[in-house]
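Worksheet for the structure shown next.
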Amino acid sequence: MLKLFKNLRKEEWTLAVVSCVFIVLQVWLDLTMPEYMAQITSLVQTPGSRMSEIVLAGAKMLLCALGSLAASVVTTVCAAKIAVTFGGILRGKLFRQVQSFSMEEIGHFSTASLITRSTNDITQIQMLIAMGMQLLVKAPIMAVWAVCKISSKQWQWTFTTAAAVLVLLVIVGTSMVLVMPKFRKMQVLTDDLNRVTRENLTGLRVVRAYNAEPYQEQKFDQANEALTGTNLFAQRTMSFMMPGIQLVMSGLSLAIYWIGAVLIQQAGLPDKIRLFSDMMVFSQYAIQVVMAFMMLVMIFMILPRASVSARRILEVLDTEPSITDGTKADGLKEKAGEVEFQNVSFRYPDAEEYVLRNITFTAKKGETVALIGSTGCGKSTVINQKTWSAPGKSCLAIAANIWRY
């Protein structure tokens with residue numbers, strides 16, 4: 001997948017850097033708010049505190065929330081711009097690459113697969129970039145930053161958070177092991193569904209003429225049921241992740257408050273306020289850690305399918321066309337309408353023998369052309385002949401007509 005990112009231009013890389021800067025700003029603001037919450041908690045429980053101090057701390061906390069919202073909006077806009085532009089670049093490259101393919105390469109991939117790779121596969125890449133710029137970059141920064149802030153607190157809370165993260169990783173890992181093969185298979189099944197649909201639409205008159213509607217419906221039902229069953233299995237498996245994550249988050253909050261209640265009860269009077277304030281701050285940071293892993297889970301839900309799509313796109317882009325165009329686009333003016341072939345041979349893909357071998361001739365306007373080729377039996381045979389009169393036609397058009405006849 002990283003190979004595809006070479007197609008990004010300087011504008012997209014600049015937007016990516018700007019997006020990363022605002023992501024760091026957003027994480028810093030999100031992790032600063034619990035500190036103001038701890039300050040408000042301490043002021044409320046401290047005798048002699050003034051209301052202006054509490055309001056000032058609340059105002060700072062509100063500014064942090066608004067700043068985080070603004071940074072999130074900027075990040076979303078940049079990520080969407082990068083994803084849409086990158087998708088357009090890939091579609092253009094795929095279209096131009098397929099334009100240069102011969103029927104051999106098109107048959108190798110199949111028309112249905114090329115359609116899927118140009119549409120559905122690129123959409124999967126766009127979704128990954130749009131979400132990845134916001135979550136894949138933000139989640140590790142938030143997790144590491146939040147862990148650094150809670151590492152100096154009570155070891156009981158830290159141990160509880162580590163256990164919650166471990167349970168979360170087990171849930172995510174189990175789901176990924178189950179759905180990864182299904183995500184890989186899903187794109188191939190989408191190709192099959194497109195192929196069956198295209199065959200039915202292309203040959204609709206023939207299908208109706210031979211009353212073959214039931215046969216075509218059976219073929220479509222088989223492809224549709226295979227894709228539907230695979231998609232249902234993957235989605236049902238992934239549906240267990242969100243309730244599991246919510247259970248871990250609720251259990252972590254409950255454990256932090258329960259441990260905090262025990263610690264506050266055992267502490268002396270001067271330490272009770274400090275422990276209560278630490279408990280409130282720690283609970284917020286612990287939730288931020290779990291939220292970071294939750295963001296990674298959302299990325300893991302689309303990453304397997306996007307990686308398969310990226311590999312399929314690269315297969316098309318890395319394919320070398322068997323027929324390449326020449327360096328000259330225009331012919332000689334004094335030889336307008338004239339085509340010359342020198343030692344030209346032709347055979348069908350995977351065929352053992354050449355259909356035409358060492359063909360040499362010059363076709364001029366108004367002349368009768370006889371194509372002489374070897375049949376593979378040691379004899380020469382006149383393939384066809386035709387009188388050409390093509391005033392105003394290009395050499396390419398005449399060559400196409402020669403090979404057609």
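Order determines the names: the first chain of the structure tokens is A, the second B, and so forth; residues in each chain are numbered 1 upward, and ligands are numbered 1 upward as they are shown.
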Got a sec: who's within 8 Å of stretch 7-11 of chain A, counting only C-alpha atoms, leaving out chain neighbours fewer than 6 positions off, as a ChimeraX atom specification? /A:86,89-90
Mind checking which residues fall within 12 Å of A:Val73, counting only C-alpha atoms, ignoring those fewer than 5 positions away in the same chain, and posting them as a ChimeraX atom specification? /A:19,22-23,26,66-68,78-80,134
Can I get the selected residues back with N, CA, C and O atoms, as a short mmCIF file (atom, residue, chain, number, x, y, z; two decimals), in the first residue's frame?
data_model
loop_
_atom_site.label_atom_id
_atom_site.label_comp_id
_atom_site.auth_asym_id
_atom_site.auth_seq_id
_atom_site.Cartn_x
_atom_site.Cartn_y
_atom_site.Cartn_z
N SER A 19 -2.32 18.70 8.51
CA SER A 19 -3.25 17.87 9.26
C SER A 19 -2.59 17.29 10.50
O SER A 19 -3.20 17.26 11.58
N PHE A 22 -2.31 19.93 13.29
CA PHE A 22 -3.59 20.18 13.98
C PHE A 22 -4.02 18.97 14.80
O PHE A 22 -4.74 19.12 15.80
N ILE A 23 -3.60 17.77 14.41
CA ILE A 23 -3.90 16.59 15.22
C ILE A 23 -3.16 16.67 16.56
O ILE A 23 -3.73 16.39 17.62
N GLN A 26 -4.89 19.16 18.66
CA GLN A 26 -6.15 18.63 19.19
C GLN A 26 -5.90 17.70 20.37
O GLN A 26 -6.60 17.76 21.38
N LEU A 66 -13.45 24.14 22.57
CA LEU A 66 -13.70 24.80 21.29
C LEU A 66 -12.48 24.73 20.37
O LEU A 66 -12.62 24.54 19.15
N GLY A 67 -11.28 24.88 20.94
CA GLY A 67 -10.07 24.75 20.14
C GLY A 67 -9.91 23.35 19.57
O GLY A 67 -9.49 23.17 18.42
N SER A 68 -10.24 22.34 20.38
CA SER A 68 -10.17 20.97 19.89
C SER A 68 -11.16 20.74 18.76
O SER A 68 -10.85 20.05 17.77
N CYS A 78 -8.78 18.72 5.59
CA CYS A 78 -7.53 18.35 4.93
C CYS A 78 -7.53 16.88 4.52
O CYS A 78 -7.12 16.53 3.41
N ALA A 79 -7.99 16.01 5.41
CA ALA A 79 -8.02 14.58 5.11
C ALA A 79 -8.97 14.28 3.96
O ALA A 79 -8.66 13.46 3.07
N ALA A 80 -10.12 14.93 3.94
CA ALA A 80 -11.07 14.72 2.84
C ALA A 80 -10.49 15.19 1.52
O ALA A 80 -10.65 14.53 0.48
N GLN A 134 -7.19 11.05 10.42
CA GLN A 134 -7.75 11.54 11.68
C GLN A 134 -7.51 10.57 12.84
O GLN A 134 -7.30 11.00 13.97
#
Excluding A:Leu4 and any residue of its chain fewer than 4 positions from it, enumerate the residues within 12 Å of it, using only C-alpha atoms, and give them as a ChimeraX atom specification. /A:8-9,86-87,89-90,93-94,122,125-126,129,306-307,309-318
Please save C-alpha atoms of the selected residues as a compact mmCIF listing (two decimals), in the first residue's frame.
# COMPACT_ATOMS: atom_id res chain seq x y z
CA LEU A 8 0.69 11.87 -4.01
CA ARG A 9 1.76 15.32 -5.12
CA PHE A 86 -5.70 10.83 -4.35
CA GLY A 87 -8.70 8.81 -5.54
CA ILE A 89 -5.22 10.48 -9.38
CA LEU A 90 -5.51 6.70 -9.04
CA LYS A 93 -3.73 6.32 -13.82
CA LEU A 94 -5.84 3.17 -13.95
CA ILE A 122 -10.29 3.01 -5.04
CA ILE A 125 -8.42 3.47 -0.35
CA GLN A 126 -10.20 6.82 -0.06
CA ILE A 129 -7.00 7.86 3.95
CA ALA A 306 -8.16 -1.50 1.87
CA SER A 307 -4.86 -3.40 1.81
CA SER A 309 -7.72 -3.21 -2.74
CA ALA A 310 -4.31 -1.53 -2.84
CA ARG A 311 -2.66 -4.76 -3.94
CA ARG A 312 -5.24 -5.23 -6.69
CA ILE A 313 -4.70 -1.67 -7.95
CA LEU A 314 -0.94 -2.14 -7.98
CA GLU A 315 -1.34 -5.33 -10.02
CA VAL A 316 -2.91 -3.28 -12.80
CA LEU A 317 -0.48 -0.35 -12.57
CA ASP A 318 2.58 -2.62 -12.53
Which residues are near stretch 39-55 of chain A? Cut-off 10 Å, only C-alpha atoms, ignore same chain within fewer than 5 positions. Put them as a compact mmCIF listing (two decimals) with N, CA, C and O atoms, in the first residue's frame.
# COMPACT_ATOMS: atom_id res chain seq x y z
N MET A 33 -7.73 19.42 29.18
CA MET A 33 -9.01 19.63 29.86
C MET A 33 -9.11 18.91 31.20
O MET A 33 -9.65 19.48 32.17
N PRO A 34 -8.65 17.66 31.35
CA PRO A 34 -8.72 17.04 32.69
C PRO A 34 -7.95 17.79 33.77
O PRO A 34 -8.34 17.74 34.94
N LYS A 60 -11.41 28.40 30.74
CA LYS A 60 -10.25 27.82 30.06
C LYS A 60 -10.56 26.42 29.52
O LYS A 60 -10.14 26.05 28.42
N MET A 61 -11.30 25.66 30.32
CA MET A 61 -11.69 24.32 29.87
C MET A 61 -12.60 24.39 28.65
O MET A 61 -12.46 23.60 27.70
N ILE A 273 -8.71 15.05 49.64
CA ILE A 273 -9.02 15.94 48.52
C ILE A 273 -8.09 15.68 47.34
O ILE A 273 -8.51 15.64 46.18
N ARG A 274 -6.78 15.48 47.64
CA ARG A 274 -5.82 15.22 46.57
C ARG A 274 -6.15 13.92 45.85
O ARG A 274 -6.11 13.84 44.62
N PHE A 276 -9.07 12.41 45.65
CA PHE A 276 -10.31 12.57 44.88
C PHE A 276 -10.04 13.31 43.57
O PHE A 276 -10.56 12.93 42.51
N SER A 277 -9.23 14.34 43.66
CA SER A 277 -8.88 15.08 42.44
C SER A 277 -8.10 14.20 41.47
O SER A 277 -8.36 14.20 40.26
N ASP A 278 -7.13 13.41 42.00
CA ASP A 278 -6.36 12.51 41.14
C ASP A 278 -7.25 11.45 40.50
O ASP A 278 -7.04 11.06 39.34
N MET A 280 -10.44 11.74 39.64
CA MET A 280 -11.20 12.35 38.56
C MET A 280 -10.33 12.55 37.32
O MET A 280 -10.75 12.25 36.19
N VAL A 281 -9.10 13.02 37.54
CA VAL A 281 -8.20 13.24 36.40
C VAL A 281 -7.80 11.91 35.78
O VAL A 281 -7.78 11.75 34.55
Nearest to A:Ala112 among A:Leu189, A:Met127, A:Ala57, A:Val172, with distances taken over only C-alpha atoms: which residue is it? A:Leu189
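Minimum distance to A:Tyr36 across A:Phe95, A:Gln235, A:Val188, A:Gln284 (counting only C-alpha atoms) occurs at A:Gln284.
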Hey, what's within 9 Å of A:Leu114 if we count only C-alpha atoms and toss same-chain stuff fewer than 4 positions away? As a PyMOL selection string, please? chain A and resi 94+98+106+109-110+118-119+191+316
Just how far from atom CA of A:Thr85 is atom CA of A:Gln97, in Å to one decimal? 18.4 Å
The distance between atom CA of A:Gly92 and atom CA of A:Asp192 is 23.9 Å
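As for atom CA of A:Thr158 and atom CA of A:Ile245, they are spaced 18.4 Å apart.
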